[in-house]
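Novice: Here's a structure for you.
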Amino acid sequence: MKPRTIVEKIWDNHVVMQQPGAPALLYIDLHLIHEVTSPQAFSMLRERGLKVRRPDLTIATMDHSTPTTSRELPVLDKEGAAQLAQMEKNCADFGIPLYNLKSDKQGIVHVMGPEQGLTQPGMTIVCGDSHTATHGAFGALAFGIGTSQVGHVLATQCLLQTPSKTYAIRVDGTLKPGVSAKDIILAVIAKIGIGGGTGCVFEYLGSTISGLSMEERMTICNMSIEGGARAGLVAPDDTTYQYIAGREFAPKGAAWDAAVAWWRQLGSDDGSGYARELKIDASELEPMVTFGTNPGMGIPISAAIPDPAFVSDPMAKSDLAKALKYMDLEPGKPLLGHPIDVVFVGSCTNSRISDLRAAARVIKGRKVNPKVRMLVVPGSQQVKKQAEAEGLDRIFREAGADFREAGCSMCLAMNGDQLEPGEYSVSTSNRNFEGRQGKGGRTFLASPLTAAASAVTGVVTDVRTLL
Amino acid sequence: MKFQKIESKTVAIAVDNIDTDQIIPARYLKAISKEGLGEGLFRDWRYNADGSPKPDFPLNQPAAEGAQILVAGDNFGCGSSREHAPWALTQSGFGAVISTSFADIFKGNALKNGLLPVIAPAEAHAELLKSPGAVVTIDLASQTVTLPGGRSFQFPIDAFAKQCLLEGVDELGYMLAQQTAIAAYESANPGLVSTRA
């Protein structure tokens, strides 16, 4: 048999049927839904008199337009409240389990799935959210879909799909202190650009990736879409199995042994053909930070802000100039030392317990700079509970940071947590698009370590000076 | 959603990597229906903080009035999977976007809403970016774009998506007709998890 990549193996396992001249009908093992991209899909089901085919393969939570203030308070935003109420109704009407605001399992959909053990190797997983690639960390083929496709999956548990190419991203070498998974993925995107992986699924390989924890792998897979790839994954290994073992939805007993035996067969075969390949030397990486208005506009933290004068392509030149104008930054100057107003630690990229621990490690015994508003938003109620058990909430609060309830929060600023026009943030989230964190807001994407260090000093800071 | 042919003037936004947060900002995503999203289209590029239109933005110029074809830079529609982006474009009267490439999720969403993503060769694309208001014909059946002066180029499109658009066939109808095959797959492949467990 021809050697196959993990992507090809998962694909082959899920093709229900394929007619000549049509895309394959691909079976979906797990469908995650949230309040923002699902209401119109449920309306379509009602209009056409359709049921949800497999509510038992579907799970819902509330995250995007969800307040991060006390759960005891009413949702003040009327539109947000209506969206949450609609989610309750849709799940009740169609029999879909829902982790609502009162549930201790509520959280960002891409934090909740893995921590409950729902995300497992070899699965196909979709969600009406482009960061669904996060689940690829477990060796699942996971990708974001639009609302029409949410409706397709609700009605048929399938999607019409054409295969993607596999793009190998090999990361080898030992990370230096202060350099993290977030810096790896920001470096990858800076290298290939935000459209570099269009039409592809990334497979992350190499000794550095093998050495990462599941939470670090999730951070990397999460931002695959920022490199243009709809999905990104890591073949499962013992680190994966150890993470899943014992979680609520994990297989138990004999089923566990059978599952692990199967998962061990999933990795790409020797001699697999990759459409493209990129090599990164992890030992050369510095902490990364973005300066512009897309995640590909990233630089090592000690580097100078790029100068449009040295860009030859006219569109690229004008795009860079436009970005610097929006960010109000001067080309050729360092970003280090640039004053900031807000630090956000959160989002499906970096809101897990290890992210909070990393930020707390820098904050402990220090104060958040009085000019800075720091918001720490756990990815889920489970993460919040764990952080409280470890006393991380106290470390943040005593330093002057705000420690909140779980949700997407200031990553996309739908819930009232947002930047004011002109403000600068250092943010552990995934997008620095114009206005992403609030109209007129300006975002520097970075790791939790860099974010925490910058919160202490009030300027963009190399965390290595504080470690 | 049916698409056969459009003859229209174009409006051009000469910016690469236009993300879906620019096409429609997240604050317009709180709707629970598809209605009224057109007012969010390019909201923060199009309007000042006080709600007054920015006169230099291409969509606000008199020449853009009635344009059904948007010409934009490379990698159009990157970022979020929000289908609100193609909804906002179609509700504003657009039937096609011409670029050198499209982000994968946006392209799929556009095709499901009768919004045609047209990939143009670099030279024709550069010419269109420089000549907003040019009248262009897009014919899906022959996969041809005819430029002013009669020059033309062909564009690629997935054969199945093309057929669905030409005939107004909805993909879900096709999928629902495969229920026997889906049931057979399910009995041969019992799932790994149940969310009700």
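We name chains A, B, ... following the order of the structure tokens; residues begin at 1 in each chain, and ligands are numbered from 1 as shown.
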Select from chain A every residue with an atom at most 6 Å from any atom of chain B, then for each give the shortest pair of atoms and their distance in Å to one decimal, using only C-alpha atoms, rows by chain and rising number, as JSON lines.

Specialist:
{"residue": "A:Val16", "atom": "CA", "partner": "B:Tyr185", "partner_atom": "CA", "distance": 5.9}
{"residue": "A:Ala22", "atom": "CA", "partner": "B:Phe160", "partner_atom": "CA", "distance": 5.3}
{"residue": "A:Pro39", "atom": "CA", "partner": "B:Ile32", "partner_atom": "CA", "distance": 5.3}
{"residue": "A:Gln40", "atom": "CA", "partner": "B:Ser33", "partner_atom": "CA", "distance": 5.6}
{"residue": "A:Asp56", "atom": "CA", "partner": "B:Thr195", "partner_atom": "CA", "distance": 5.0}
{"residue": "A:Leu57", "atom": "CA", "partner": "B:Thr195", "partner_atom": "CA", "distance": 5.6}
{"residue": "A:Glu79", "atom": "CA", "partner": "B:Lys30", "partner_atom": "CA", "distance": 5.9}
{"residue": "A:Asp129", "atom": "CA", "partner": "B:Ser81", "partner_atom": "CA", "distance": 5.5}
{"residue": "A:Ser130", "atom": "CA", "partner": "B:Ser81", "partner_atom": "CA", "distance": 5.0}
{"residue": "A:Gly146", "atom": "CA", "partner": "B:Glu83", "partner_atom": "CA", "distance": 5.2}
{"residue": "A:Thr147", "atom": "CA", "partner": "B:Glu83", "partner_atom": "CA", "distance": 5.9}
{"residue": "A:His152", "atom": "CA", "partner": "B:Leu172", "partner_atom": "CA", "distance": 6.0}
{"residue": "A:Met414", "atom": "CA", "partner": "B:Arg27", "partner_atom": "CA", "distance": 5.5}

Novice: Suppose we keep C-alpha atoms; can you now write the selection as a compact mmCIF listing (two decimals), in the first residue's frame?

Specialist:
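For reference, out-v7.txt as written:
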# COMPACT_ATOMS: atom_id res chain seq x y z
CA VAL A 16 -19.05 7.74 3.38
CA ALA A 22 -18.71 15.35 -6.81
CA PRO A 39 -28.59 30.32 15.13
CA GLN A 40 -29.13 30.66 11.38
CA ASP A 56 -25.15 12.51 20.60
CA LEU A 57 -22.18 13.57 18.44
CA GLU A 79 -28.30 41.22 21.73
CA ASP A 129 -15.12 28.66 14.17
CA SER A 130 -11.82 28.96 12.35
CA GLY A 146 -19.37 28.32 7.93
CA THR A 147 -22.93 28.41 9.16
CA HIS A 152 -25.27 20.40 6.84
CA MET A 414 -17.95 40.75 21.21

Novice: Asn350 in chain A: which residues within 12 Å, counting only C-alpha atoms, same-chain residues fewer than 2 positions away excluded, as a ChimeraX atom specification?

Specialist: /A:108,110-111,134,180-183,215-223,344-348,352-359,376-380,383,408,411,427-430,445-449,451

Novice: Please provide the set of residues having any atom within 9 Å of Glu8 in chain A, restricted to only C-alpha atoms, with same-chain residues fewer than 3 positions apart removed, written as a list of chain:residue names.

Specialist: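 The neighbour list is A:Arg4, A:Thr5, A:Trp11, A:Asp12, A:Asn13, A:Pro163, A:Ser164, A:Lys165, A:Thr166, A:Ser268.
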
Novice: What lies within 8 Å of Ser283 in chain A using only C-alpha atoms, ignoring chain neighbours under 6 positions off, as a list of chain:residue names?

Specialist: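 Listing them by chain and then by number gives A:Asp172, A:Gly173, A:Thr174, A:Leu175, A:Lys176.
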
Novice: Run DSSP on the backbone and tell me which residues of range 387-434 of chain A come out as helix (DSSP H, G or I); list them as a list in words.

Specialist: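 So the helix (DSSP H, G or I) residues in range 387-434 of chain A would be Ala387, Glu388, Ala389, Leu392, Asp393, Arg394, Ile395, Phe396, Arg397, Glu398, Ala399, Ser409, Met410 and Cys411 of chain A.
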
Novice: Just write the chosen residues, C-alpha atoms, as a PDB file, in the first residue's frame.

Specialist:
ATOM      1  CA  ALA A 387      -6.052  28.284  38.770  1.00  0.00           C
ATOM      2  CA  GLU A 388      -7.889  29.111  41.998  1.00  0.00           C
ATOM      3  CA  ALA A 389      -6.776  25.834  43.566  1.00  0.00           C
ATOM      4  CA  LEU A 392      -2.930  31.878  40.629  1.00  0.00           C
ATOM      5  CA  ASP A 393      -6.036  34.066  40.909  1.00  0.00           C
ATOM      6  CA  ARG A 394      -4.571  35.641  44.040  1.00  0.00           C
ATOM      7  CA  ILE A 395      -1.217  36.252  42.345  1.00  0.00           C
ATOM      8  CA  PHE A 396      -2.981  38.078  39.512  1.00  0.00           C
ATOM      9  CA  ARG A 397      -5.367  40.022  41.750  1.00  0.00           C
ATOM     10  CA  GLU A 398      -2.694  41.054  44.247  1.00  0.00           C
ATOM     11  CA  ALA A 399      -0.599  42.359  41.367  1.00  0.00           C
ATOM     12  CA  SER A 409     -13.508  37.897  25.821  1.00  0.00           C
ATOM     13  CA  MET A 410     -11.098  40.419  24.338  1.00  0.00           C
ATOM     14  CA  CYS A 411      -9.861  38.098  21.597  1.00  0.00           C
TER      15      CYS A 411
END

Novice: Tell me, in Å to one decimal, how far CA of Gln68 in chain B is from CA of Gly40 in chain B.

Specialist: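 Spanning CA of Gln68 in chain B to CA of Gly40 in chain B is a straight-line distance of 17.1 Å.
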
Novice: Taking only range 122-152 of chain A into account, list the residues labelled strand (DSSP E) by DSSP (computed from the backbone), as a PyMOL selection string.

Specialist: chain A and resi 124-127+141-144

Novice: State, in Å with one decimal place, the distance from CA of Ile305 in chain A to CA of Tyr424 in chain A.

Specialist: 15.7 Å
